[in-house]
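Enquirer: Dropping a structure here in structure tokens format, bear with me for questions.
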Amino acid sequence: MSTPQSDAHPRFAEALRELGLDVPVRRFPDATRTAAEAAAAIGCDVSEIVKSLVFEADGAPVLVLMDGSSRVDVERVRQELGAQSVGRANAALVRETTGYAIGGVPPFGHLTRTRVLADRGLLDHEVVWAAAGTPHTVFPLDPTSLIAHAGGTVADVRERTA
């Protein structure tokens with residue numbers, strides 16, 4: 001008999017067990033690599049999707065948790081971290097840091113512990129959906145718990161709209 005976590009990536013399923021989190025993991029036949037694809041598959045608003053994005057700040061990986069309808073403002077991330085330079089991490093660094101491929105990176109359960117910034121906008125929702133370690137799987141959680149399990153610091157790092 002399969003458990004709800006059995007659809008998650010094995011490393012992420014283990015992280016859920018270690019945290020004592022019993023959350024339903026939903027699997028989709030088609031990949032949900034973008035926030036829009038995930039929102040359409042789940043039937044939620046794109047802003048309720050959590051993007052787990054890896055950046056490189058002065059050579060060190062940093063995870064930014066952002067809602068699916070917003071973009072990360074790299075300058076705001078740089079200021080928040082007090083870094084000299086910040087840029088998107090390449091696919092190799094993402095996999096090396098998290099243990100997951102781009103499109104399936106969950107907010108926690110990574111290979112290495114990194115600094116985590118969570119955009120304040122995530123707190124606008126009762127429940128958010130994040131990748132469960134693969135481009136085909138997602139799980140729901142309240143944003144306060146998700147940020148806490150990720151070891152995240154709440155910050156304003158989204159691009160401002162005109």
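Letters A, B, ... go to the chains of the structure tokens in the order shown; residues in each chain start at 1; ligands are counted from 1 in the same order.
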Which residues are near segment 74-87 of chain A? Cut-off 12 Å, only C-alpha atoms, ignore same chain within fewer than 4 positions. Put them as a list in words.

Expert: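 The residues that qualify are Leu53, Val54, Phe55, Glu56, Ala57, Asp58, Gly59, Ala60, Pro61, Val62, Leu63, Val64, Leu65, Met66, Leu93, Arg115, Val116, Leu117, Ala118, Asp119, Thr153, Val154, Ala155, Asp156, Val157, Arg158, Glu159 and Arg160 of chain A.
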
Enquirer: With a distance cut-off of 7 Å and only C-alpha atoms, select the neighbouring residues of Gly133 of chain A, excluding the residue or stretch itself and same-chain residues fewer than 6 positions from it, and output the selection as a list in words.

Expert: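 The residues that qualify are Ala8, His9, Phe12, Tyr100, Gly104, Val105 and Pro106 of chain A.
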
Enquirer: Step one, run DSSP on the backbone; step two, keep only residues of chain A assigned to strand (DSSP E or B); then write them as a VMD selection string.

Expert: chain A and resid 26 to 27 49 to 57 60 to 67 72 86 to 88 115 to 119 128 to 131 137 to 141 153 to 155 158

Enquirer: For atom CA of Ala15 of chain A and atom CA of Ala131 of chain A, quote the distance in Å rounded to one decimal.

Expert: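 Result for atom CA of Ala15 of chain A versus atom CA of Ala131 of chain A: 13.2 Å, one decimal.
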
Enquirer: Counting only C-alpha atoms, what is within 6 Å of Thr137 of chain A, bar same-chain residues fewer than 4 positions away, as a list in words?

Expert: Arg26, Arg27, Ala131 and Ala132 of chain A

Enquirer: So what do you get for atom CA of Phe139 of chain A versus atom CA of Thr98 of chain A, distance-wise?

Expert: 17.5 Å

Enquirer: Just how far from atom CA of Trp129 of chain A is atom CA of Ile42 of chain A, in Å to one decimal?

Expert: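 Taking atom CA of Ile42 of chain A and atom CA of Trp129 of chain A, their separation equals 8.7 Å.
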
Enquirer: I'd like to know which residues of chain A are alpha helix (DSSP H) (by DSSP, run on the backbone); could you write them as number ranges by chain?

Expert: A: 10-19, 35-42, 74-81, 91-98, 143-150

Enquirer: Which is closest to Arg17 of chain A among A:Gly151, A:Thr97, A:Gly109, A:Thr144, if we use only C-alpha atoms?

Expert: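 Looking at the shortest contact to Arg17 of chain A, the residue is A:Gly109.
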
Enquirer: Taking into account only C-alpha atoms, which residue in the set A:Ala101, A:Ala40, A:Val127, A:Leu19 is nearest to His149 of chain A?

Expert: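 The shortest atom-to-atom distance to His149 of chain A comes from A:Leu19.
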
Enquirer: Between A:Ala13, A:Val23, A:Ala89, A:Leu123, which has the minimum distance to Ala148 of chain A (counting only C-alpha atoms)?

Expert: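 That would be A:Leu123, the residue with the smallest distance to Ala148 of chain A.
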
Enquirer: Write out as a list in words the residues lying within 12 Å of Glu37 of chain A, counting only C-alpha atoms and excluding same-chain residues fewer than 2 positions away.

Expert: Phe28, Pro29, Asp30, Ala31, Thr32, Arg33, Thr34, Ala35, Ala39, Ala40, Ala41, Ile42, Gly43, Cys44, Asp45, Val46, Ile49, Gly68, Ser69, Gly103, Ala131, Pro135, His136, Thr137 and Val138 of chain A

Enquirer: Would you mind exporting N, CA, C and O atoms of the selected residues as an mmCIF file, in the first residue's frame?

Expert:
data_model
loop_
_atom_site.group_PDB
_atom_site.id
_atom_site.type_symbol
_atom_site.label_atom_id
_atom_site.label_comp_id
_atom_site.auth_asym_id
_atom_site.auth_seq_id
_atom_site.Cartn_x
_atom_site.Cartn_y
_atom_site.Cartn_z
ATOM 1 N N PHE A 28 1.069 14.482 -10.597
ATOM 2 C CA PHE A 28 0.386 14.786 -11.848
ATOM 3 C C PHE A 28 1.054 14.027 -12.981
ATOM 4 O O PHE A 28 2.265 13.841 -12.976
ATOM 5 N N PRO A 29 0.265 13.594 -13.982
ATOM 6 C CA PRO A 29 0.849 12.851 -15.102
ATOM 7 C C PRO A 29 1.794 13.716 -15.925
ATOM 8 O O PRO A 29 2.766 13.221 -16.478
ATOM 9 N N ASP A 30 1.511 15.000 -16.003
ATOM 10 C CA ASP A 30 2.372 15.912 -16.753
ATOM 11 C C ASP A 30 3.185 16.741 -15.783
ATOM 12 O O ASP A 30 2.721 17.076 -14.693
ATOM 13 N N ALA A 31 4.390 17.083 -16.189
ATOM 14 C CA ALA A 31 5.259 17.896 -15.337
ATOM 15 C C ALA A 31 4.618 19.257 -15.085
ATOM 16 O O ALA A 31 3.931 19.806 -15.944
ATOM 17 N N THR A 32 4.826 19.771 -13.889
ATOM 18 C CA THR A 32 4.341 21.101 -13.518
ATOM 19 C C THR A 32 5.562 21.941 -13.180
ATOM 20 O O THR A 32 5.742 22.360 -12.045
ATOM 21 N N ARG A 33 6.425 22.150 -14.195
ATOM 22 C CA ARG A 33 7.689 22.837 -13.959
ATOM 23 C C ARG A 33 7.522 24.325 -13.730
ATOM 24 O O ARG A 33 8.362 24.955 -13.123
ATOM 25 N N THR A 34 6.433 24.909 -14.261
ATOM 26 C CA THR A 34 6.224 26.343 -14.055
ATOM 27 C C THR A 34 5.102 26.541 -13.043
ATOM 28 O O THR A 34 4.257 25.651 -12.836
ATOM 29 N N ALA A 35 5.083 27.706 -12.432
ATOM 30 C CA ALA A 35 4.037 28.022 -11.465
ATOM 31 C C ALA A 35 2.658 27.977 -12.120
ATOM 32 O O ALA A 35 1.695 27.472 -11.541
ATOM 33 N N ALA A 39 -0.375 25.601 -10.923
ATOM 34 C CA ALA A 39 -1.653 26.192 -10.494
ATOM 35 C C ALA A 39 -2.811 25.611 -11.298
ATOM 36 O O ALA A 39 -3.866 25.294 -10.740
ATOM 37 N N ALA A 40 -2.617 25.446 -12.607
ATOM 38 C CA ALA A 40 -3.675 24.881 -13.460
ATOM 39 C C ALA A 40 -3.976 23.443 -13.044
ATOM 40 O O ALA A 40 -5.141 23.037 -12.968
ATOM 41 N N ALA A 41 -2.934 22.663 -12.747
ATOM 42 C CA ALA A 41 -3.122 21.266 -12.360
ATOM 43 C C ALA A 41 -3.822 21.146 -11.005
ATOM 44 O O ALA A 41 -4.671 20.270 -10.812
ATOM 45 N N ILE A 42 -3.476 22.023 -10.073
ATOM 46 C CA ILE A 42 -4.040 21.971 -8.723
ATOM 47 C C ILE A 42 -5.435 22.589 -8.692
ATOM 48 O O ILE A 42 -6.303 22.168 -7.947
ATOM 49 N N GLY A 43 -5.619 23.632 -9.511
ATOM 50 C CA GLY A 43 -6.873 24.377 -9.477
ATOM 51 C C GLY A 43 -6.821 25.498 -8.453
ATOM 52 O O GLY A 43 -7.815 25.810 -7.801
ATOM 53 N N CYS A 44 -5.654 26.103 -8.291
ATOM 54 C CA CYS A 44 -5.498 27.217 -7.354
ATOM 55 C C CYS A 44 -4.975 28.438 -8.114
ATOM 56 O O CYS A 44 -4.651 28.357 -9.294
ATOM 57 N N ASP A 45 -4.882 29.541 -7.414
ATOM 58 C CA ASP A 45 -4.331 30.754 -8.014
ATOM 59 C C ASP A 45 -2.811 30.603 -8.121
ATOM 60 O O ASP A 45 -2.178 30.000 -7.248
ATOM 61 N N VAL A 46 -2.225 31.170 -9.171
ATOM 62 C CA VAL A 46 -0.779 31.050 -9.378
ATOM 63 C C VAL A 46 0.004 31.657 -8.208
ATOM 64 O O VAL A 46 1.104 31.204 -7.894
ATOM 65 N N ILE A 49 1.272 29.229 -5.436
ATOM 66 C CA ILE A 49 2.367 28.314 -5.738
ATOM 67 C C ILE A 49 3.652 28.900 -5.152
ATOM 68 O O ILE A 49 3.897 30.097 -5.265
ATOM 69 N N GLY A 68 4.191 32.229 -6.928
ATOM 70 C CA GLY A 68 4.246 31.930 -8.352
ATOM 71 C C GLY A 68 3.891 33.068 -9.281
ATOM 72 O O GLY A 68 4.205 33.020 -10.468
ATOM 73 N N SER A 69 3.243 34.113 -8.763
ATOM 74 C CA SER A 69 2.844 35.214 -9.641
ATOM 75 C C SER A 69 3.839 36.368 -9.610
ATOM 76 O O SER A 69 3.661 37.357 -10.310
ATOM 77 N N GLY A 103 12.792 22.857 -11.311
ATOM 78 C CA GLY A 103 11.434 22.462 -11.659
ATOM 79 C C GLY A 103 10.811 21.545 -10.618
ATOM 80 O O GLY A 103 9.603 21.355 -10.591
ATOM 81 N N ALA A 131 6.740 22.314 -4.637
ATOM 82 C CA ALA A 131 7.220 21.070 -5.242
ATOM 83 C C ALA A 131 7.645 20.092 -4.153
ATOM 84 O O ALA A 131 8.189 20.476 -3.118
ATOM 85 N N PRO A 135 9.293 17.410 -10.705
ATOM 86 C CA PRO A 135 8.429 18.310 -11.477
ATOM 87 C C PRO A 135 6.982 17.808 -11.576
ATOM 88 O O PRO A 135 6.140 18.497 -12.108
ATOM 89 N N HIS A 136 6.707 16.609 -11.051
ATOM 90 C CA HIS A 136 5.370 16.014 -11.135
ATOM 91 C C HIS A 136 4.618 16.035 -9.812
ATOM 92 O O HIS A 136 3.492 15.551 -9.750
ATOM 93 N N THR A 137 5.248 16.521 -8.732
ATOM 94 C CA THR A 137 4.633 16.392 -7.415
ATOM 95 C C THR A 137 4.614 17.717 -6.656
ATOM 96 O O THR A 137 5.541 18.519 -6.754
ATOM 97 N N VAL A 138 3.517 17.907 -5.899
ATOM 98 C CA VAL A 138 3.362 19.100 -5.067
ATOM 99 C C VAL A 138 2.728 18.707 -3.735
ATOM 100 O O VAL A 138 2.140 17.627 -3.613
#
